[in-house]
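Read through the structure below, which is laid out as C-alpha cells, and then see the notes.
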Amino acid sequence: MIFRERYIAPIRAFYDSDLIKVITGIRRCGKSVILADIHKEIKERSGNVVSLDFEDAAVLATVPNAMKLLEYVDKNRPGKDQLCYVFLDEVQRVEDWAAACRTLRVRNCSVFISGSNSKLLSREFTKELSGRYVSFRVRPFVYRELLEYATQLGRSMNLTDYIIWGGFPKRVEYGDIESQKKYLNEINDTIVLNDIISRYKIRRTEIFTRLVNYVLVSNARIFSARSVADYMKTNSFKCTVTTIIKYLGYLEEAYVVQPVRLFSTKAKRELSYYYKMYNEDVSFNSIRAYNNRFDLTHNFENVVYNELVYMGYDVQVFNDGKHEIDFIANKGGKTFYIQAAYSVAEEKAYEREFGAFNRFDNSIQKIVISNDEIDYSTSTVRHIQFRNLVAMNEL
C-alpha cells in the first residue's frame, strides 16, 4: 500500500498530545493503513507502544469492554512513567470504548483510534469524546494515488477507469471489472444497510433506499430537499421535506455524500436545502448505471471536486439563479473560479465552459479543467488538463 503523506503530515503535530487522535472517514478508504504507518513511525522512536486491532476476533474476545482494555494497556505498556502510544483499530467494537479512551488520555497515553461503522460517525465521537479529541478525515484515493498504487501492484489504470470506478484502494487489487463491481457493491450495501439503516433504526427502508439511489446518481447537480420530495412523490413514495433532510444528514454523517453550499444562496434557499451534492466516491454513481451508460460528465466534475478538497481548497458553488460557476476555490488567500468539463473539444462545449466567465472581470483567476490533451487557454482563462491538476498549487 502507498504511503499517504498528505494525511499523515497533519497528524504528526499531535503525536505527543493528550488529545485523542480520531482517524475517520468512509469505509474502506484506507484508515487502518494510515494508522499502521503512524504506528511504524512512532515505533522507530519509542518502544512504549500498545496496539490492538479489534477486527481480530481473538483480540475482541480478550478485550471486549472498557475495563478489559484499560487492564490490557496497563499490563502491556513497557514504561509506566513514560508516555505510552496506544493504537486502537476498529475501536467501536469495544463496549464503552469512549470511556476507555477518555481514561487512557489522563493516564499518560497518546491515543490513536480509527473505526468504520456508524458508531464512529462524526456526531457519535463528537458526543462521546466531549471535545477531548482532534479528528482527521481520510478519503478514497485521488487519481495520482490510484496510479501510484496501481504501479506498485504492476497494474495499468487510466483516467476513464478512475472517473467510472473511483478510488477505493482495495478495488485496484482485483484484476477484472466484475470482481471490482462486486467489491464496490458490497461496500455500498454495508454502508447503507449496516451503517445507516441499522444505526438509525430506519423503518421505511424502501423509501430510504430509493432516496439513496436517487441522490447518488444525481451527483454534481443542484437540488433541494423539496425537489427530492417531489421526485419521491411522483414515484409513489410520499416523504416529507423534514424526513428528506434527516435522511440526507445520515448520508453525510456516513461520509457517503458531501453537500456544497451555493456561494450566492439566499436565505429562503438555505432553508429549502439548496445544495450541490458530491459523492465521496464516484463508484456510488457507476454501480447504479443501467446498461453501462456511465455518467462521465457529472462524475468528472465530482472527481475534480474531490481533487480540490484533497489539495486543501475550500470549495463552494456559485449560482445566482441565472449564472452558475462549478467551483469557487479558496486557499492561502487566493481565489479561483473554476469550470470542470470532461471535454471542451466540441465548439458548443468550449463556448459553454469558457463563456461562463464572461460576466466576471479579471480580478480573480479563471480556470477550465478538462480531460483534453490540447491546451485551450486564452488571454483571460487558463485551461488545465486534469492529469496536471497539481499545477494549481503553483498558481
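The chains in the C-alpha cells are called A, B, ... from first to last as shown; in each chain the residues are counted from 1, and the ligands are counted from 1 in the order shown.
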Tell me, which residues of segment 38-170 of chain A carry DSSP strand (DSSP E), written as an MDAnalysis selection string? chainID A and resid 49:53 84:89 109:114 133:138
Written selection (C-alpha atoms) as a PDB file, in the first residue's frame:
```pdb
ATOM      1  CA  VAL A  49       3.641   1.296  22.229  1.00  0.00           C
ATOM      2  CA  VAL A  50       0.482  -0.794  22.623  1.00  0.00           C
ATOM      3  CA  SER A  51      -1.537  -1.744  19.555  1.00  0.00           C
ATOM      4  CA  LEU A  52      -4.838  -3.616  19.220  1.00  0.00           C
ATOM      5  CA  ASP A  53      -6.857  -4.456  16.123  1.00  0.00           C
ATOM      6  CA  CYS A  84       2.603   5.364  26.021  1.00  0.00           C
ATOM      7  CA  TYR A  85       1.320   5.408  22.450  1.00  0.00           C
ATOM      8  CA  VAL A  86      -1.913   3.404  22.179  1.00  0.00           C
ATOM      9  CA  PHE A  87      -3.327   2.364  18.803  1.00  0.00           C
ATOM     10  CA  LEU A  88      -6.893   1.047  18.664  1.00  0.00           C
ATOM     11  CA  ASP A  89      -8.184  -0.006  15.251  1.00  0.00           C
ATOM     12  CA  CYS A 109      -1.229   7.864  26.951  1.00  0.00           C
ATOM     13  CA  SER A 110      -1.306   9.295  23.451  1.00  0.00           C
ATOM     14  CA  VAL A 111      -4.324   7.551  21.951  1.00  0.00           C
ATOM     15  CA  PHE A 112      -4.934   6.923  18.241  1.00  0.00           C
ATOM     16  CA  ILE A 113      -8.244   5.399  17.154  1.00  0.00           C
ATOM     17  CA  SER A 114      -9.969   4.519  13.913  1.00  0.00           C
ATOM     18  CA  TYR A 133     -10.132  14.791  20.564  1.00  0.00           C
ATOM     19  CA  VAL A 134      -8.816  16.017  17.251  1.00  0.00           C
ATOM     20  CA  SER A 135     -10.149  14.333  14.104  1.00  0.00           C
ATOM     21  CA  PHE A 136      -8.563  13.699  10.722  1.00  0.00           C
ATOM     22  CA  ARG A 137     -10.706  12.710   7.784  1.00  0.00           C
ATOM     23  CA  VAL A 138      -9.371  10.242   5.226  1.00  0.00           C
TER      24      VAL A 138
END
```
Exercise: segment 64-76 of chain A partners within 10 Å, only C-alpha atoms, chain neighbours under 2 positions left out, as a PyMOL selection string: chain A and resi 48-52+54+57-62+78-80+84-86+88+93-101+103-104+107+109
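Ranking A:Leu248, A:Gly25, A:Leu211, A:Gly355 by their shortest atom-to-atom distance to Asp230 of chain A, with only C-alpha atoms included, puts A:Leu211 first.
The space separating atom CA of Ala289 of chain A from atom CA of Tyr214 of chain A comes to 11.4 Å.
Between Ile222 of chain A and the candidates A:Gly115, A:Gly321, A:Gly312, A:Gly154, the tightest atom-to-atom separation, counting only C-alpha atoms, involves A:Gly321.
Checking A:Ser218, A:Phe294, A:Ser283, A:Val212 one by one against Ile244 of chain A, counting only C-alpha atoms, you find the shortest gap at A:Val212.
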What lies within 9 Å of Arg4 of chain A using only C-alpha atoms, ignoring chain neighbours under 6 positions off, as a list in words? Ile34, Asp37 and Glu145 of chain A
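Using only C-alpha atoms, the protein and nucleic acid residues lying no more than 9 Å from Tyr278 of chain A, apart from those fewer than 5 places from it along its own chain, are Leu216, Ser218, Asn219, Ala220, Arg221, Val256, Val257, Gln258, Pro259, Val260, Asn299, Glu301, Asn302, Val303, Tyr305 and Asn306 of chain A.
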Can you write just those residues out, N, CA and C atoms, as an mmCIF file, in the first residue's frame?
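Result went into selection-v1.cif, see below:
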```
data_model
loop_
_atom_site.group_PDB
_atom_site.id
_atom_site.type_symbol
_atom_site.label_atom_id
_atom_site.label_comp_id
_atom_site.auth_asym_id
_atom_site.auth_seq_id
_atom_site.Cartn_x
_atom_site.Cartn_y
_atom_site.Cartn_z
ATOM 1 N N LEU A 216 -27.445 9.434 -5.187
ATOM 2 C CA LEU A 216 -26.109 9.023 -5.635
ATOM 3 C C LEU A 216 -25.956 9.012 -7.156
ATOM 4 N N SER A 218 -27.405 11.414 -8.808
ATOM 5 C CA SER A 218 -27.622 12.828 -9.104
ATOM 6 C C SER A 218 -26.452 13.678 -8.634
ATOM 7 N N ASN A 219 -25.273 13.072 -8.517
ATOM 8 C CA ASN A 219 -24.109 13.818 -8.048
ATOM 9 C C ASN A 219 -23.769 14.977 -8.986
ATOM 10 N N ALA A 220 -23.191 16.021 -8.419
ATOM 11 C CA ALA A 220 -22.779 17.213 -9.158
ATOM 12 C C ALA A 220 -23.958 17.960 -9.781
ATOM 13 N N ARG A 221 -25.111 17.869 -9.118
ATOM 14 C CA ARG A 221 -26.290 18.608 -9.570
ATOM 15 C C ARG A 221 -26.845 19.409 -8.396
ATOM 16 N N VAL A 256 -20.847 9.466 2.903
ATOM 17 C CA VAL A 256 -21.230 8.986 1.576
ATOM 18 C C VAL A 256 -21.332 10.136 0.593
ATOM 19 N N VAL A 257 -21.873 11.267 1.042
ATOM 20 C CA VAL A 257 -22.019 12.445 0.185
ATOM 21 C C VAL A 257 -21.471 13.665 0.892
ATOM 22 N N GLN A 258 -21.166 14.685 0.096
ATOM 23 C CA GLN A 258 -20.710 15.957 0.634
ATOM 24 C C GLN A 258 -21.545 17.069 0.003
ATOM 25 N N PRO A 259 -22.468 17.664 0.764
ATOM 26 C CA PRO A 259 -23.240 18.785 0.209
ATOM 27 C C PRO A 259 -22.397 20.050 0.205
ATOM 28 N N VAL A 260 -22.446 20.786 -0.895
ATOM 29 C CA VAL A 260 -21.667 22.016 -1.027
ATOM 30 C C VAL A 260 -22.642 23.181 -1.184
ATOM 31 N N ASN A 299 -19.604 12.680 -13.236
ATOM 32 C CA ASN A 299 -18.540 12.033 -12.464
ATOM 33 C C ASN A 299 -17.229 12.793 -12.586
ATOM 34 N N GLU A 301 -16.878 16.070 -13.002
ATOM 35 C CA GLU A 301 -16.981 17.220 -12.097
ATOM 36 C C GLU A 301 -16.798 16.773 -10.652
ATOM 37 N N ASN A 302 -17.353 15.625 -10.312
ATOM 38 C CA ASN A 302 -17.236 15.091 -8.961
ATOM 39 C C ASN A 302 -15.777 14.802 -8.597
ATOM 40 N N VAL A 303 -15.020 14.192 -9.503
ATOM 41 C CA VAL A 303 -13.622 13.877 -9.170
ATOM 42 C C VAL A 303 -12.783 15.146 -9.106
ATOM 43 N N TYR A 305 -13.941 17.975 -7.930
ATOM 44 C CA TYR A 305 -14.250 18.438 -6.569
ATOM 45 C C TYR A 305 -13.406 17.676 -5.543
ATOM 46 N N ASN A 306 -13.356 16.353 -5.651
ATOM 47 C CA ASN A 306 -12.594 15.542 -4.697
ATOM 48 C C ASN A 306 -11.113 15.909 -4.713
#
```
Based on DSSP run over this structure's backbone, return all residues of segment 242-367 of chain A in alpha helix (DSSP H), as a PyMOL selection string. chain A and resi 242-253+267-271+283-286+296-310+347-355
Could you save those same residues with N, CA and C atoms as a CSV table (one decimal), in the first residue's frame?
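This went into out_36.csv:
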```
chain,number,residue,atom,x,y,z
A,242,THR,N,-38.9,17.3,5.8
A,242,THR,CA,-38.2,17.1,7.1
A,242,THR,C,-37.5,15.8,7.1
A,243,THR,N,-38.2,14.7,6.6
A,243,THR,CA,-37.6,13.4,6.5
A,243,THR,C,-36.5,13.3,5.5
A,244,ILE,N,-36.7,14.0,4.4
A,244,ILE,CA,-35.6,14.1,3.4
A,244,ILE,C,-34.3,14.7,3.9
A,245,ILE,N,-34.5,15.8,4.6
A,245,ILE,CA,-33.3,16.5,5.2
A,245,ILE,C,-32.6,15.5,6.2
A,246,LYS,N,-33.4,14.8,7.0
A,246,LYS,CA,-32.9,13.9,8.0
A,246,LYS,C,-32.1,12.8,7.3
A,247,TYR,N,-32.7,12.2,6.3
A,247,TYR,CA,-32.0,11.1,5.5
A,247,TYR,C,-30.7,11.6,4.9
A,248,LEU,N,-30.8,12.8,4.3
A,248,LEU,CA,-29.6,13.3,3.7
A,248,LEU,C,-28.5,13.6,4.7
A,249,GLY,N,-28.9,14.0,5.9
A,249,GLY,CA,-27.9,14.1,7.0
A,249,GLY,C,-27.3,12.8,7.4
A,250,TYR,N,-28.0,11.7,7.3
A,250,TYR,CA,-27.4,10.4,7.6
A,250,TYR,C,-26.4,10.1,6.6
A,251,LEU,N,-26.6,10.3,5.3
A,251,LEU,CA,-25.7,10.1,4.3
A,251,LEU,C,-24.4,10.9,4.5
A,252,GLU,N,-24.6,12.1,4.9
A,252,GLU,CA,-23.4,13.0,5.1
A,252,GLU,C,-22.6,12.5,6.3
A,253,GLU,N,-23.3,12.1,7.4
A,253,GLU,CA,-22.6,11.6,8.6
A,253,GLU,C,-21.8,10.3,8.3
A,267,ALA,N,-31.5,33.4,1.7
A,267,ALA,CA,-32.0,32.8,2.9
A,267,ALA,C,-33.0,31.7,2.7
A,268,LYS,N,-34.0,32.0,1.8
A,268,LYS,CA,-35.0,31.1,1.6
A,268,LYS,C,-34.5,29.8,0.9
A,269,ARG,N,-33.4,29.9,0.2
A,269,ARG,CA,-32.8,28.7,-0.5
A,269,ARG,C,-32.1,27.9,0.6
A,270,GLU,N,-31.4,28.5,1.5
A,270,GLU,CA,-30.8,27.8,2.6
A,270,GLU,C,-31.8,27.0,3.4
A,271,LEU,N,-32.9,27.6,3.7
A,271,LEU,CA,-34.0,26.9,4.4
A,271,LEU,C,-34.6,25.7,3.6
A,283,SER,N,-17.8,5.8,-7.7
A,283,SER,CA,-18.3,4.5,-7.9
A,283,SER,C,-19.8,4.3,-7.4
A,284,PHE,N,-20.2,5.1,-6.5
A,284,PHE,CA,-21.6,5.1,-6.0
A,284,PHE,C,-22.6,5.4,-7.1
A,285,ASN,N,-22.1,6.2,-8.0
A,285,ASN,CA,-22.9,6.5,-9.2
A,285,ASN,C,-22.9,5.4,-10.2
A,286,SER,N,-21.7,4.9,-10.5
A,286,SER,CA,-21.5,4.0,-11.6
A,286,SER,C,-22.0,2.6,-11.3
A,296,LEU,N,-20.2,10.1,-17.3
A,296,LEU,CA,-18.8,10.6,-17.3
A,296,LEU,C,-18.8,12.1,-17.0
A,297,THR,N,-19.8,12.8,-17.5
A,297,THR,CA,-19.9,14.3,-17.4
A,297,THR,C,-19.9,14.7,-15.9
A,298,HIS,N,-20.9,14.2,-15.2
A,298,HIS,CA,-21.0,14.6,-13.8
A,298,HIS,C,-20.0,13.9,-12.9
A,299,ASN,N,-19.6,12.7,-13.2
A,299,ASN,CA,-18.5,12.0,-12.5
A,299,ASN,C,-17.2,12.8,-12.6
A,300,PHE,N,-17.0,13.4,-13.8
A,300,PHE,CA,-15.7,14.1,-13.9
A,300,PHE,C,-15.8,15.4,-13.0
A,301,GLU,N,-16.9,16.1,-13.0
A,301,GLU,CA,-17.0,17.2,-12.1
A,301,GLU,C,-16.8,16.8,-10.7
A,302,ASN,N,-17.4,15.6,-10.3
A,302,ASN,CA,-17.2,15.1,-9.0
A,302,ASN,C,-15.8,14.8,-8.6
A,303,VAL,N,-15.0,14.2,-9.5
A,303,VAL,CA,-13.6,13.9,-9.2
A,303,VAL,C,-12.8,15.1,-9.1
A,304,VAL,N,-13.1,16.2,-9.9
A,304,VAL,CA,-12.4,17.5,-9.8
A,304,VAL,C,-12.7,18.0,-8.4
A,305,TYR,N,-13.9,18.0,-7.9
A,305,TYR,CA,-14.3,18.4,-6.6
A,305,TYR,C,-13.4,17.7,-5.5
A,306,ASN,N,-13.4,16.4,-5.7
A,306,ASN,CA,-12.6,15.5,-4.7
A,306,ASN,C,-11.1,15.9,-4.7
A,307,GLU,N,-10.6,16.2,-5.9
A,307,GLU,CA,-9.2,16.6,-6.0
A,307,GLU,C,-8.9,17.9,-5.4
A,308,LEU,N,-9.8,18.9,-5.6
A,308,LEU,CA,-9.6,20.2,-5.0
A,308,LEU,C,-9.7,20.1,-3.5
A,309,VAL,N,-10.6,19.3,-2.9
A,309,VAL,CA,-10.6,19.2,-1.5
A,309,VAL,C,-9.4,18.5,-1.0
A,310,TYR,N,-8.9,17.5,-1.7
A,310,TYR,CA,-7.6,16.8,-1.3
A,310,TYR,C,-6.5,17.8,-1.3
A,347,GLU,N,-17.2,22.6,-30.2
A,347,GLU,CA,-17.3,24.1,-30.1
A,347,GLU,C,-18.4,24.5,-29.1
A,348,LYS,N,-19.5,23.8,-29.1
A,348,LYS,CA,-20.5,24.1,-28.1
A,348,LYS,C,-20.1,24.0,-26.7
A,349,ALA,N,-19.3,22.9,-26.4
A,349,ALA,CA,-18.8,22.7,-25.1
A,349,ALA,C,-17.8,23.8,-24.7
A,350,TYR,N,-16.9,24.2,-25.7
A,350,TYR,CA,-16.0,25.2,-25.5
A,350,TYR,C,-16.6,26.5,-25.1
A,351,GLU,N,-17.6,26.9,-25.9
A,351,GLU,CA,-18.3,28.2,-25.7
A,351,GLU,C,-19.1,28.2,-24.4
A,352,ARG,N,-19.6,27.1,-24.0
A,352,ARG,CA,-20.4,27.0,-22.7
A,352,ARG,C,-19.4,27.1,-21.5
A,353,GLU,N,-18.3,26.4,-21.5
A,353,GLU,CA,-17.5,26.4,-20.4
A,353,GLU,C,-16.6,27.7,-20.3
A,354,PHE,N,-16.1,28.2,-21.4
A,354,PHE,CA,-15.3,29.4,-21.3
A,354,PHE,C,-16.2,30.6,-21.2
A,355,GLY,N,-17.4,30.5,-21.9
A,355,GLY,CA,-18.3,31.6,-21.8
A,355,GLY,C,-19.0,31.9,-20.4
```
Would you mind listing what lies within 6 Å of Ile367 of chain A as a VMD selection string, with only C-alpha atoms counted and same-chain residues fewer than 3 positions away left out? chain A and resid 338 381 to 383
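Going from atom CA of Ile164 of chain A to atom CA of Asp295 of chain A covers 7.8 Å.
Between atom CA of Tyr149 of chain A and atom CA of Glu173 of chain A there is a distance of 9.1 Å.
Nearest residue to Ile364 of chain A among A:Val217, A:Ile26, A:Val282, A:Ile328 is A:Ile328, counting only C-alpha atoms.
Nearest residue to Gly167 of chain A, choosing from A:Ala229, A:Cys29, A:Leu83, A:Ala391 and counting only C-alpha atoms: A:Cys29.
The shortest atom-to-atom distance to Val22 of chain A, with only C-alpha atoms taken into account, belongs to A:Glu128 out of A:Asp56, A:Met1, A:Lys331, A:Glu128.
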Do you know which residues are at most 12 Å from Met232 of chain A counting only C-alpha atoms, after dropping those on the same chain fewer than 3 positions away, and could you put them as a ChimeraX atom specification? /A:206-215,225-229,235-241,243-244
